[in-house]
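As stored in data23.tsv (TSV, C-alpha atoms):
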chain	number	residue	atom	x	y	z
A	1	MET	CA	0.00	0.00	0.00
A	2	GLN	CA	1.30	3.42	-0.89
A	3	HIS	CA	0.93	6.36	1.43
A	4	SER	CA	1.45	10.02	0.62
A	5	ASP	CA	4.50	9.85	2.85
A	6	THR	CA	6.78	7.70	0.73
A	7	ILE	CA	9.35	7.21	3.48
A	8	ALA	CA	6.59	5.73	5.64
A	9	SER	CA	5.68	3.33	2.82
A	10	TYR	CA	9.31	2.35	2.42
A	11	SER	CA	9.78	1.79	6.15
A	12	LEU	CA	6.60	-0.25	6.18
A	13	ARG	CA	7.66	-2.57	3.37
A	14	LEU	CA	10.97	-3.34	5.04
A	15	GLY	CA	9.22	-3.76	8.38
A	16	ASP	CA	6.53	-6.03	6.93
A	17	SER	CA	9.11	-8.46	5.58
A	18	SER	CA	10.87	-8.62	8.95
A	19	LEU	CA	7.62	-9.04	10.86
A	20	ILE	CA	6.21	-11.79	8.63
A	21	LEU	CA	9.47	-13.74	8.66
A	22	ALA	CA	9.62	-13.39	12.45
A	23	GLN	CA	6.11	-14.79	12.69
A	24	ARG	CA	7.09	-17.73	10.48
A	25	LEU	CA	10.20	-18.46	12.53
A	26	CYS	CA	8.32	-18.42	15.81
A	27	GLU	CA	6.13	-21.24	14.47
A	28	TRP	CA	9.23	-23.40	14.97
A	29	CYS	CA	9.40	-22.65	18.66
A	30	GLY	CA	9.41	-25.99	20.45
A	31	HIS	CA	9.44	-27.99	17.18
A	32	ALA	CA	12.94	-27.58	15.74
A	33	PRO	CA	15.12	-30.65	15.13
A	34	GLU	CA	17.40	-29.91	18.10
A	35	LEU	CA	17.42	-27.59	21.08
A	36	GLU	CA	20.23	-25.41	19.71
A	37	ILE	CA	18.38	-24.90	16.44
A	38	ASP	CA	15.20	-24.15	18.31
A	39	LEU	CA	17.01	-21.43	20.26
A	40	ALA	CA	18.71	-20.08	17.15
A	41	LEU	CA	15.50	-19.80	15.13
A	42	ALA	CA	13.71	-18.15	18.04
A	43	ASN	CA	16.58	-15.69	18.48
A	44	ILE	CA	16.67	-14.85	14.78
A	45	GLY	CA	12.91	-14.38	14.87
A	46	LEU	CA	13.27	-12.07	17.86
A	47	ASP	CA	15.88	-9.93	16.11
A	48	LEU	CA	13.63	-9.66	13.07
A	49	LEU	CA	10.63	-8.84	15.23
A	50	GLY	CA	12.62	-6.05	16.89
A	51	GLN	CA	13.72	-4.66	13.52
A	52	GLY	CA	10.13	-4.90	12.29
A	53	ARG	CA	8.85	-3.05	15.36
A	54	HIS	CA	11.28	-0.17	14.86
A	55	LEU	CA	10.37	0.10	11.18
A	56	LEU	CA	6.61	-0.11	11.75
A	57	SER	CA	6.78	2.38	14.64
A	58	TYR	CA	8.67	4.79	12.43
A	59	ALA	CA	6.09	4.41	9.67
A	60	ALA	CA	3.26	5.06	12.15
A	61	GLN	CA	5.06	8.09	13.51
A	62	ARG	CA	5.49	9.56	10.04
A	63	LEU	CA	1.89	8.83	9.11
A	64	GLY	CA	0.79	10.59	12.29
A	65	GLN	CA	-1.73	7.94	13.22
A	66	GLY	CA	-1.79	4.61	15.00
A	67	ASP	CA	1.29	2.77	16.17
A	68	GLU	CA	3.26	-0.42	15.53
A	69	ASP	CA	0.36	-2.52	16.87
A	70	THR	CA	-2.37	-1.02	14.76
A	71	LEU	CA	-0.16	-1.50	11.70
A	72	ALA	CA	0.71	-5.09	12.57
A	73	PHE	CA	-2.70	-6.23	13.71
A	74	GLY	CA	-5.05	-3.93	11.85
A	75	ARG	CA	-4.08	-4.35	8.22
A	76	ASP	CA	-5.37	-6.90	5.74
A	77	GLU	CA	-3.43	-9.03	3.33
A	78	ARG	CA	-3.68	-6.51	0.50
A	79	GLN	CA	-2.23	-3.81	2.74
A	80	TYR	CA	0.85	-5.86	3.60
A	81	SER	CA	3.87	-5.12	1.43
A	82	ASN	CA	6.31	-7.88	2.45
A	83	LEU	CA	8.30	-9.97	-0.01
A	84	LEU	CA	6.66	-13.20	-1.17
A	85	LEU	CA	9.71	-15.21	-0.06
A	86	VAL	CA	9.25	-14.51	3.64
A	87	GLU	CA	5.61	-15.61	3.76
A	88	GLN	CA	6.34	-19.04	2.29
A	89	PRO	CA	5.51	-21.84	4.73
A	90	ASN	CA	8.18	-23.34	6.96
A	91	GLY	CA	7.92	-26.74	5.27
A	92	ASP	CA	10.62	-28.89	6.77
A	93	PHE	CA	13.93	-27.67	8.14
A	94	SER	CA	15.51	-27.54	4.66
A	95	ASP	CA	12.79	-25.19	3.35
A	96	THR	CA	13.14	-22.91	6.37
A	97	LEU	CA	16.92	-22.84	6.03
A	98	VAL	CA	17.01	-22.08	2.33
A	99	ARG	CA	14.41	-19.34	2.77
A	100	GLN	CA	16.52	-17.91	5.60
A	101	TYR	CA	19.75	-18.10	3.63
A	102	LEU	CA	18.29	-16.35	0.58
A	103	ILE	CA	16.91	-13.52	2.71
A	104	ASP	CA	19.97	-13.21	4.99
A	105	ALA	CA	22.21	-12.87	1.94
A	106	TRP	CA	19.92	-9.98	0.90
A	107	HIS	CA	19.54	-8.35	4.32
A	108	VAL	CA	23.29	-7.96	4.80
A	109	PRO	CA	23.98	-5.80	1.71
A	110	LEU	CA	20.66	-3.99	2.24
A	111	TYR	CA	21.51	-2.80	5.74
A	112	GLU	CA	25.15	-2.17	4.81
A	113	ARG	CA	23.82	0.41	2.37
A	114	LEU	CA	20.90	1.71	4.41
A	115	ILE	CA	23.35	2.80	7.13
A	116	HIS	CA	24.24	5.65	4.74
A	117	SER	CA	20.64	6.74	4.29
A	118	ARG	CA	20.02	10.48	4.58
A	119	ASP	CA	17.07	9.60	6.77
A	120	GLU	CA	18.56	9.47	10.26
A	121	THR	CA	16.06	7.02	11.71
A	122	LEU	CA	16.38	4.51	8.88
A	123	ALA	CA	20.17	4.81	9.14
A	124	ALA	CA	20.06	4.18	12.90
A	125	ILE	CA	17.77	1.16	12.55
A	126	ALA	CA	20.08	-0.22	9.85
A	127	ALA	CA	23.19	0.30	11.99
A	128	ARG	CA	21.63	-1.85	14.69
A	129	ALA	CA	20.20	-4.43	12.28
A	130	ILE	CA	23.41	-5.03	10.32
A	131	LYS	CA	25.11	-6.48	13.38
A	132	GLU	CA	22.23	-8.91	13.83
A	133	VAL	CA	21.71	-10.05	10.26
A	134	ARG	CA	25.41	-10.86	9.88
A	135	TYR	CA	24.95	-13.47	12.58
A	136	HIS	CA	21.83	-14.77	10.86
A	137	LEU	CA	23.80	-15.26	7.66
A	138	ARG	CA	26.54	-17.08	9.54
A	139	PHE	CA	23.95	-19.47	10.93
A	140	SER	CA	22.05	-20.13	7.71
A	141	ARG	CA	25.18	-20.42	5.56
A	142	GLY	CA	26.67	-22.85	8.08
A	143	TRP	CA	23.64	-25.12	7.86
A	144	MET	CA	23.45	-24.86	4.06
A	145	ILE	CA	27.00	-26.19	3.91
A	146	ARG	CA	26.47	-28.85	6.55
A	147	LEU	CA	23.29	-30.27	5.07
A	148	GLY	CA	24.25	-29.73	1.42
A	149	ASN	CA	27.34	-31.86	2.03
A	150	GLY	CA	25.60	-34.16	4.49
A	151	THR	CA	23.88	-37.39	3.59
A	152	GLU	CA	22.34	-38.17	0.24
A	153	LEU	CA	18.95	-37.46	1.75
A	154	SER	CA	19.90	-34.12	3.32
A	155	HIS	CA	21.54	-33.04	0.07
A	156	ALA	CA	18.46	-33.97	-1.95
A	157	LYS	CA	16.18	-32.10	0.44
A	158	MET	CA	18.30	-28.96	0.36
A	159	GLN	CA	18.40	-29.01	-3.43
A	160	GLN	CA	14.66	-29.53	-3.57
A	161	ALA	CA	14.02	-26.60	-1.21
A	162	LEU	CA	16.32	-24.41	-3.30
A	163	ASP	CA	14.55	-25.38	-6.54
A	164	GLU	CA	11.21	-24.67	-4.94
A	165	LEU	CA	12.04	-21.26	-3.43
A	166	TRP	CA	14.26	-19.90	-6.22
A	167	ARG	CA	11.29	-18.40	-8.07
A	168	PHE	CA	10.75	-15.96	-5.19
A	169	SER	CA	14.30	-14.62	-5.36
A	170	GLY	CA	13.68	-12.40	-8.41
A	171	GLU	CA	11.44	-10.08	-6.40
A	172	LEU	CA	14.30	-9.19	-4.06
A	173	PHE	CA	15.91	-7.10	-6.80
A	174	GLN	CA	12.96	-5.25	-8.25
A	175	ALA	CA	12.69	-1.56	-7.58
A	176	ASP	CA	9.43	0.26	-8.16
A	177	GLN	CA	9.01	3.98	-8.70
A	178	LEU	CA	8.67	4.75	-5.00
A	179	GLU	CA	11.91	3.03	-4.17
A	180	SER	CA	13.81	4.47	-7.16
A	181	GLU	CA	12.76	8.00	-6.25
A	182	LEU	CA	13.72	7.58	-2.62
A	183	ALA	CA	17.01	6.00	-3.66
A	184	GLU	CA	17.75	9.03	-5.85
A	185	GLN	CA	17.21	11.23	-2.82
A	186	GLY	CA	19.67	9.09	-0.88
A	187	VAL	CA	16.99	7.80	1.49
A	188	ALA	CA	16.30	4.26	0.28
A	189	VAL	CA	18.46	1.51	-1.18
A	190	ASP	CA	17.69	0.66	-4.79
A	191	SER	CA	17.06	-3.09	-4.67
A	192	ARG	CA	18.71	-3.57	-8.05
A	193	THR	CA	22.05	-2.65	-6.49
A	194	LEU	CA	21.69	-5.61	-4.12
A	195	TYR	CA	21.84	-8.20	-6.87
A	196	ALA	CA	25.62	-8.22	-7.34
A	197	PRO	CA	26.57	-8.69	-3.65
A	198	TRP	CA	23.74	-11.19	-3.13
A	199	ARG	CA	24.80	-13.11	-6.18
A	200	GLN	CA	28.39	-13.23	-4.99
A	201	GLU	CA	27.40	-14.60	-1.59
A	202	VAL	CA	24.90	-17.13	-2.93
A	203	GLU	CA	27.21	-18.42	-5.69
A	204	GLN	CA	29.94	-19.05	-3.16
A	205	GLY	CA	27.53	-20.46	-0.58
A	206	LEU	CA	25.98	-22.93	-3.03
A	207	ARG	CA	29.41	-23.98	-4.26
A	208	ASP	CA	30.54	-24.64	-0.68
A	209	ALA	CA	27.31	-26.53	0.00
A	210	GLY	CA	27.70	-28.67	-3.14
A	211	LEU	CA	24.32	-27.48	-4.42
A	212	HIS	CA	23.60	-26.29	-7.92
A	213	GLU	CA	21.88	-23.10	-8.78
A	214	PRO	CA	18.43	-23.56	-10.31
A	215	GLY	CA	18.18	-22.10	-13.78
A	216	GLU	CA	16.13	-19.12	-14.86
A	217	THR	CA	12.58	-19.62	-13.83
A	218	GLY	CA	9.23	-17.85	-13.87
A	219	TYR	CA	10.00	-15.42	-11.08
A	220	ARG	CA	7.06	-14.47	-8.91
A	221	ALA	CA	6.51	-10.94	-7.65
A	222	GLY	CA	3.74	-8.78	-6.29
A	223	GLY	CA	4.31	-8.60	-2.54
A	224	ARG	CA	5.26	-4.92	-2.65
A	225	ALA	CA	1.89	-4.15	-4.21
A	226	GLY	CA	-0.03	-6.32	-1.77
A	227	LEU	CA	-0.52	-9.22	-4.21
A	228	HIS	CA	0.46	-12.20	-2.10
A	229	SER	CA	0.60	-15.95	-2.35
A	230	GLU	CA	-2.14	-18.00	-0.71
A	231	HIS	CA	0.02	-18.44	2.39
A	232	LEU	CA	-0.11	-14.93	3.85
A	233	GLY	CA	-3.83	-14.97	4.68
A	234	PRO	CA	-3.75	-17.88	7.14
A	235	LEU	CA	-0.58	-16.48	8.74
A	236	LEU	CA	-2.26	-13.12	9.35
A	237	ALA	CA	-5.42	-14.82	10.59
A	238	GLU	CA	-3.42	-16.52	13.29
A	239	MET	CA	-1.24	-13.53	14.12
A	240	GLN	CA	-4.12	-11.05	14.27
A	241	TYR	CA	-6.78	-13.25	15.83
A	242	LEU	CA	-6.65	-11.81	19.33
A	243	GLN	CA	-6.67	-8.14	18.33
A	244	ARG	CA	-9.37	-8.73	15.75
A	245	SER	CA	-11.61	-10.53	18.23
A	246	HIS	CA	-10.87	-8.29	21.18
A	247	PRO	CA	-9.69	-4.95	19.79
A	248	GLY	CA	-7.29	-3.09	22.06
A	249	LEU	CA	-6.86	-6.00	24.45
A	250	SER	CA	-3.57	-5.91	26.36
A	251	TRP	CA	-1.74	-8.13	28.82
B	1	MET	CA	26.01	33.43	26.59
B	2	ASN	CA	23.79	30.89	28.28
B	3	LEU	CA	25.69	28.75	30.65
B	4	THR	CA	23.99	25.50	31.64
B	5	LEU	CA	25.43	23.98	34.74
B	6	THR	CA	25.05	20.31	35.45
B	7	PRO	CA	23.03	20.08	38.67
B	8	PRO	CA	24.70	18.19	41.53
B	9	GLN	CA	21.88	15.62	41.56
B	10	THR	CA	22.99	14.34	38.16
B	11	ARG	CA	25.71	12.30	39.78
B	12	GLU	CA	23.18	10.88	42.24
B	13	VAL	CA	20.88	9.91	39.38
B	14	TRP	CA	23.73	8.09	37.62
B	15	LYS	CA	24.44	6.23	40.85
B	16	LEU	CA	20.79	5.34	41.21
B	17	LEU	CA	20.61	4.05	37.63
B	18	SER	CA	23.71	1.96	38.23
B	19	THR	CA	21.68	-0.15	40.67
B	20	ILE	CA	19.21	-1.34	38.01
B	21	ARG	CA	20.15	-4.85	37.01
B	22	ASP	CA	19.71	-6.51	33.65
B	23	PRO	CA	16.98	-9.13	34.18
B	24	GLU	CA	18.79	-11.74	32.05
B	25	ILE	CA	22.25	-11.15	33.48
B	26	PRO	CA	21.68	-9.91	37.04
B	27	VAL	CA	25.42	-9.52	37.64
B	28	LEU	CA	25.40	-6.54	35.26
B	29	THR	CA	23.54	-3.26	35.59
B	30	ILE	CA	22.25	-1.07	32.81
B	31	THR	CA	25.16	1.34	33.27
B	32	ASP	CA	27.68	-1.54	33.15
B	33	LEU	CA	26.23	-2.38	29.75
B	34	GLY	CA	26.35	1.23	28.63
B	35	MET	CA	22.62	1.35	27.93
B	36	VAL	CA	22.20	4.68	29.72
B	37	ARG	CA	23.59	7.25	27.30
B	38	SER	CA	22.66	10.52	28.96
B	39	VAL	CA	21.12	12.06	32.06
B	40	ARG	CA	19.78	15.57	31.59
B	41	HIS	CA	17.83	17.91	33.74
B	42	SER	CA	15.62	20.80	32.68
B	43	GLU	CA	12.74	22.76	34.16
B	44	HIS	CA	10.43	19.99	32.90
B	45	GLY	CA	12.19	17.25	34.83
B	46	TRP	CA	14.70	14.55	33.98
B	47	ARG	CA	15.43	13.12	30.57
B	48	ILE	CA	17.24	9.85	30.23
B	49	GLY	CA	18.74	8.73	26.92
B	50	PHE	CA	18.50	4.96	26.65
B	51	THR	CA	19.95	2.66	23.98
B	52	PRO	CA	18.53	-0.86	23.73
B	53	THR	CA	21.00	-3.67	23.15
B	54	TYR	CA	19.44	-5.89	20.46
B	55	SER	CA	16.53	-4.73	18.25
B	56	GLY	CA	14.28	-7.35	19.74
B	57	CYS	CA	15.57	-7.45	23.30
B	58	PRO	CA	12.48	-8.27	25.39
B	59	ALA	CA	13.91	-6.48	28.43
B	60	THR	CA	13.88	-3.03	26.80
B	61	GLU	CA	10.42	-1.92	27.84
B	62	MET	CA	10.76	-3.43	31.29
B	63	LEU	CA	14.01	-1.53	31.88
B	64	MET	CA	12.56	1.75	30.67
B	65	ALA	CA	9.67	1.36	33.09
B	66	GLU	CA	12.10	0.44	35.85
B	67	ILE	CA	14.12	3.63	35.28
B	68	ARG	CA	10.98	5.72	35.71
B	69	THR	CA	9.87	3.82	38.81
B	70	VAL	CA	13.23	3.90	40.56
B	71	MET	CA	13.81	7.60	39.87
B	72	GLU	CA	10.31	8.73	40.76
B	73	SER	CA	10.34	6.73	44.00
B	74	ARG	CA	13.41	8.74	45.01
B	75	GLY	CA	11.79	12.03	44.14
B	76	TYR	CA	13.44	12.59	40.76
B	77	GLY	CA	10.39	13.26	38.67
B	78	PRO	CA	8.91	13.66	36.21
B	79	VAL	CA	11.10	11.32	34.18
B	80	GLU	CA	11.13	10.93	30.43
B	81	VAL	CA	13.04	7.99	28.96
B	82	ASN	CA	13.94	8.48	25.32
B	83	VAL	CA	15.07	5.61	23.13
B	84	GLN	CA	18.24	6.64	21.38
B	85	LEU	CA	18.96	4.37	18.41
B	86	HIS	CA	22.02	6.22	17.21
B	87	PRO	CA	24.79	5.24	17.71
B	88	ALA	CA	23.88	1.55	17.80
B	89	TRP	CA	24.68	-0.25	21.03
B	90	THR	CA	27.96	-2.13	21.08
B	91	THR	CA	29.71	-4.39	23.56
B	92	ASP	CA	32.65	-1.96	23.34
B	93	TRP	CA	30.74	0.13	25.88
B	94	MET	CA	31.01	-2.57	28.51
B	95	SER	CA	33.45	-1.55	31.24
B	96	PRO	CA	36.51	-3.72	32.10
B	97	ASP	CA	35.09	-4.23	35.58
B	98	ALA	CA	31.79	-5.45	34.11
B	99	ARG	CA	33.70	-7.91	31.91
B	100	ARG	CA	35.48	-9.29	34.94
B	101	ARG	CA	32.23	-9.75	36.86
B	102	LEU	CA	30.65	-11.37	33.83
B	103	ARG	CA	33.44	-13.95	33.72
B	104	GLU	CA	33.14	-14.63	37.46
B	105	TYR	CA	29.42	-15.14	36.94
B	106	GLY	CA	30.17	-17.87	34.37
B	107	ILE	CA	29.70	-16.04	31.08
B	108	SER	CA	32.73	-15.49	28.90
B	109	PRO	CA	32.91	-11.73	28.16
B	110	PRO	CA	33.13	-10.34	24.61
B	111	GLU	CA	36.61	-10.69	23.10
B	112	GLY	CA	38.21	-7.87	21.15
B	113	HIS	CA	36.66	-4.89	19.45
B	114	SER	CA	33.35	-4.94	17.60
B	115	CYS	CA	34.93	-3.71	14.35
B	116	HIS	CA	36.75	-6.98	13.93
B	117	ALA	CA	35.90	-10.62	13.46
B	118	LEU	CA	32.36	-11.80	14.07
B	119	MET	CA	33.25	-14.78	16.16
B	120	PRO	CA	36.75	-15.28	17.55
B	121	GLU	CA	38.61	-18.51	16.86
B	122	ARG	CA	39.17	-19.13	20.52
B	123	VAL	CA	37.11	-18.09	23.48
B	124	SER	CA	38.37	-18.87	26.96
B	125	CYS	CA	36.32	-20.98	29.33
B	126	PRO	CA	34.99	-18.91	32.25
B	127	ARG	CA	35.36	-21.91	34.59
B	128	CYS	CA	38.85	-23.27	33.97
B	129	GLY	CA	40.35	-20.58	31.73
B	130	SER	CA	41.24	-23.07	28.99
B	131	VAL	CA	41.23	-21.85	25.39
B	132	GLN	CA	40.58	-25.38	24.10
B	133	THR	CA	36.97	-24.50	23.40
B	134	GLN	CA	34.52	-25.00	20.60
B	135	LEU	CA	31.49	-23.17	19.26
B	136	ILE	CA	28.26	-25.16	19.57
B	137	SER	CA	25.79	-22.58	18.32
B	138	GLU	CA	25.86	-18.90	17.31
B	139	PHE	CA	22.73	-18.40	19.36
B	140	GLY	CA	22.48	-19.17	23.05
B	141	SER	CA	19.82	-18.69	25.70
B	142	THR	CA	19.43	-15.02	24.76
B	143	ALA	CA	20.17	-13.01	21.61
B	144	CYS	CA	23.36	-11.56	23.10
B	145	LYS	CA	25.02	-14.90	23.82
B	146	ALA	CA	26.49	-17.80	21.84
B	147	LEU	CA	26.84	-21.33	23.16
B	148	TRP	CA	30.35	-22.79	23.53
B	149	ARG	CA	31.87	-25.92	25.01
B	150	CYS	CA	35.13	-26.32	26.88
B	151	GLU	CA	37.23	-29.28	25.72
B	152	SER	CA	39.32	-29.22	28.90
B	153	CYS	CA	36.68	-29.26	31.64
B	154	ARG	CA	33.94	-30.51	29.28
B	155	GLU	CA	31.45	-27.92	30.48
B	156	PRO	CA	29.24	-25.92	28.13
B	157	PHE	CA	29.23	-22.15	28.67
B	158	ASP	CA	27.76	-18.93	27.31
B	159	TYR	CA	29.89	-16.43	25.43
B	160	PHE	CA	28.70	-12.83	25.35
B	161	LYS	CA	28.99	-12.00	21.66
B	162	CYS	CA	31.19	-9.12	20.61
B	163	ILE	CA	28.86	-6.99	18.55
What's the structure tokens form of this structure?
Amino acid sequence: MQHSDTIASYSLRLGDSSLILAQRLCEWCGHAPELEIDLALANIGLDLLGQGRHLLSYAAQRLGQGDEDTLAFGRDERQYSNLLLVEQPNGDFSDTLVRQYLIDAWHVPLYERLIHSRDETLAAIAARAIKEVRYHLRFSRGWMIRLGNGTELSHAKMQQALDELWRFSGELFQADQLESELAEQGVAVDSRTLYAPWRQEVEQGLRDAGLHEPGETGYRAGGRAGLHSEHLGPLLAEMQYLQRSHPGLSW
Amino acid sequence: MNLTLTPPQTREVWKLLSTIRDPEIPVLTITDLGMVRSVRHSEHGWRIGFTPTYSGCPATEMLMAEIRTVMESRGYGPVEVNVQLHPAWTTDWMSPDARRRLREYGISPPEGHSCHALMPERVSCPRCGSVQTQLISEFGSTACKALWRCESCREPFDYFKCI
């Protein structure tokens, strides 16, 4: 959804991706294959939730109405502007890991550049976030390598997850007019500039993991404009249930 | 020229804030961690600049409420706590004394400076001091810690990540 305040819209789209991925990761809580992974996924989810909260709060502040909660719990699917990749279901551990790796490899160059934003708040949020997403990448890359080079079964599952999720990677590097204009003003990061560093990381990562890159595919996009896959609706239904049923309820 | 003098109570307020403990690591206080960035006084009351550690640290709101409660109960009111995101919090702000207490408590303190390597090759065991240790997981019981294992005394331990 586009607001008259374009910086608010930009903050919201970054925040939505963090929030939705955090919600996905917290579905693992208590179900991960081992305790350490359970803790790691919950911690990564918590970092992303924190980043999402800062970004949503900033958007609300600029819009002059509501707050992080009304934005998180009061918007419908069509008003969410997250990337399609982050809303994809957890699947099994390989799907979650590949999804995480593809987004971590994007978050790192994104925040490395957003630190230099002329918008002080976005720059400050990025300066905090970069330290966190570098750890996320360390974790997801480590598991890509371990499972890619693991057993025949783990290798096959990782390759399958990669083949399945690859079609959502194209959207990471599309810049619409809003983003291009803000990038020209030195506020936003033009997503197209993220392709080269992402590509470098992923090529190396896949090589180390013994996985092969899926070929060109029919890339899916639309998240920025609120056109989502069928998976976002049920996620929001669960996440928003309490506030929808009992508006304004607090602990 | 307007000359603003720091009121004598400022030092008392800093002392008071240095008694507020981190709920996850009770051996450290919020001033040990460098989370309190500024203490200012004006005709409208006290303003505290506060920098959260991790973006998603669940203790942030609790600590901000605690600052208000502790100060107001001692008559320093009204209190406004402002979140200060810039510059981003870093373990470089942790005092040497805090690092020592952290180690005594059983958590290996952050090694080196945050500009450098993400995770050091060797972290020393807070129990036996051995450097024959191994990383188990980048993420420990809280966002700020990683889980390590000592090969000498065979005990697992937390390492406070240098960030």
Mind dumping a table of every chain A residue within 12 Å of chain B, with the nearest atom pair and its distance in Å to one decimal, using all atoms listed in the file, sorted by chain and rising number, as a Markdown table?
| residue | atom | partner | partner_atom | distance |
| --- | --- | --- | --- | --- |
| A:Ser18 | CA | B:Gly56 | CA | 11.4 |
| A:Leu19 | CA | B:Gly56 | CA | 11.2 |
| A:Ala22 | CA | B:Gly56 | CA | 10.6 |
| A:Glu34 | CA | B:Ser137 | CA | 11.1 |
| A:Leu35 | CA | B:Gly140 | CA | 10.0 |
| A:Glu36 | CA | B:Ser137 | CA | 6.4 |
| A:Ile37 | CA | B:Ser137 | CA | 8.0 |
| A:Asp38 | CA | B:Phe139 | CA | 9.5 |
| A:Leu39 | CA | B:Phe139 | CA | 6.5 |
| A:Ala40 | CA | B:Phe139 | CA | 4.9 |
| A:Leu41 | CA | B:Phe139 | CA | 8.5 |
| A:Ala42 | CA | B:Ala143 | CA | 9.0 |
| A:Asn43 | CA | B:Ala143 | CA | 5.5 |
| A:Ile44 | CA | B:Ala143 | CA | 7.9 |
| A:Gly45 | CA | B:Gly56 | CA | 8.7 |
| A:Leu46 | CA | B:Gly56 | CA | 5.2 |
| A:Asp47 | CA | B:Gly56 | CA | 4.7 |
| A:Leu48 | CA | B:Gly56 | CA | 7.1 |
| A:Leu49 | CA | B:Gly56 | CA | 6.0 |
| A:Gly50 | CA | B:Gly56 | CA | 3.5 |
| A:Gln51 | CA | B:Ser55 | CA | 5.5 |
| A:Gly52 | CA | B:Ser55 | CA | 8.7 |
| A:Arg53 | CA | B:Gly56 | CA | 8.2 |
| A:His54 | CA | B:Ser55 | CA | 7.7 |
| A:Leu55 | CA | B:Ser55 | CA | 10.5 |
| A:Tyr58 | CA | B:Leu85 | CA | 11.9 |
| A:Ile115 | CA | B:His86 | CA | 10.7 |
| A:Glu120 | CA | B:His86 | CA | 8.4 |
| A:Thr121 | CA | B:Leu85 | CA | 7.8 |
| A:Leu122 | CA | B:Leu85 | CA | 9.9 |
| A:Ala123 | CA | B:His86 | CA | 8.4 |
| A:Ala124 | CA | B:His86 | CA | 5.2 |
| A:Ile125 | CA | B:Leu85 | CA | 6.8 |
| A:Ala126 | CA | B:Ala88 | CA | 9.0 |
| A:Ala127 | CA | B:Ala88 | CA | 6.0 |
| A:Arg128 | CA | B:Ala88 | CA | 5.1 |
| A:Ala129 | CA | B:Ser55 | CA | 7.0 |
| A:Ile130 | CA | B:Ala88 | CA | 10.0 |
| A:Lys131 | CA | B:Ile163 | CA | 6.4 |
| A:Glu132 | CA | B:Tyr54 | CA | 7.8 |
| A:Val133 | CA | B:Ser55 | CA | 10.9 |
| A:Arg134 | CA | B:Leu118 | CA | 8.2 |
| A:Tyr135 | CA | B:Glu138 | CA | 7.3 |
| A:His136 | CA | B:Glu138 | CA | 8.7 |
| A:Leu137 | CA | B:Glu138 | CA | 10.5 |
| A:Arg138 | CA | B:Glu138 | CA | 8.0 |
| A:Phe139 | CA | B:Glu138 | CA | 6.7 |
| A:Ser140 | CA | B:Glu138 | CA | 10.4 |
| A:Arg141 | CA | B:Glu138 | CA | 11.9 |
| A:Gly142 | CA | B:Glu138 | CA | 10.1 |
| A:Trp143 | CA | B:Ser137 | CA | 11.0 |
Please determine the residues with any atom at most 9 Å from (9.9, -16.5, 1.1) (coordinates as given in the file, with only C-alpha atoms counting) and report them as an MDAnalysis selection string.
chainID A and resid 21 83:89 96 99:100 102:103 165 168:169
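Between Pro7 in chain B and the candidates B:Glu80, B:Asp92, B:Glu43, B:Glu104, the tightest atom-to-atom separation, counting all atoms listed in the file, involves B:Glu43.
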May I have the residues within 6 Å of range 24-39 of chain B as a compact mmCIF listing (two decimals) with C-alpha atoms, in the frame of the given file, using all atoms listed in the file and disregarding those fewer than 4 positions away in the same chain?
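Saved to part26.txt:
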# COMPACT_ATOMS: atom_id res chain seq x y z
CA SER B 18 23.71 1.96 38.23
CA ILE B 20 19.21 -1.34 38.01
CA ARG B 47 15.43 13.12 30.57
CA ILE B 48 17.24 9.85 30.23
CA GLY B 49 18.74 8.73 26.92
CA PHE B 50 18.50 4.96 26.65
CA THR B 51 19.95 2.66 23.98
CA TRP B 93 30.74 0.13 25.88
CA MET B 94 31.01 -2.57 28.51
CA ALA B 98 31.79 -5.45 34.11
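Excluding Ala161 in chain A and any residue on its chain fewer than 2 positions from it, the residues at most 7 Å away by only C-alpha atoms are A:Ser94, A:Asp95, A:Val98, A:Lys157, A:Met158, A:Gln159, A:Asp163, A:Glu164, A:Leu165.
One finds CA of Met62 in chain B at 25.2 Å from CA of Ser108 in chain B.
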Could you please determine the separation between CA of Ala32 in chain A and CA of Phe93 in chain A in Å, to one decimal place?
7.7 Å
As a check of understanding: the span from CA of Gly222 in chain A to CA of Trp198 in chain A is 20.4 Å
Neighbourhood query: residues within 8 Å of (32.1, -22.0, 25.9), file coordinates, counting only C-alpha atoms; return as number ranges by chain.
B: 108, 123-126, 133-135, 147-150, 155-159
Listed atoms of range 26-39 of chain B boxed axis-aligned with 8 Å per side, centre + edges as AutoDock Vina command-line options:
--center_x 24.4 --center_y 1.1 --center_z 32.5 --size_x 22.6 --size_y 38.0 --size_z 26.3
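With distances taken over all atoms listed in the file, A:Asn82 is the one residue among A:Gln65, A:Asn82, A:Thr70, A:Ser117 lying closest to Leu12 in chain A.
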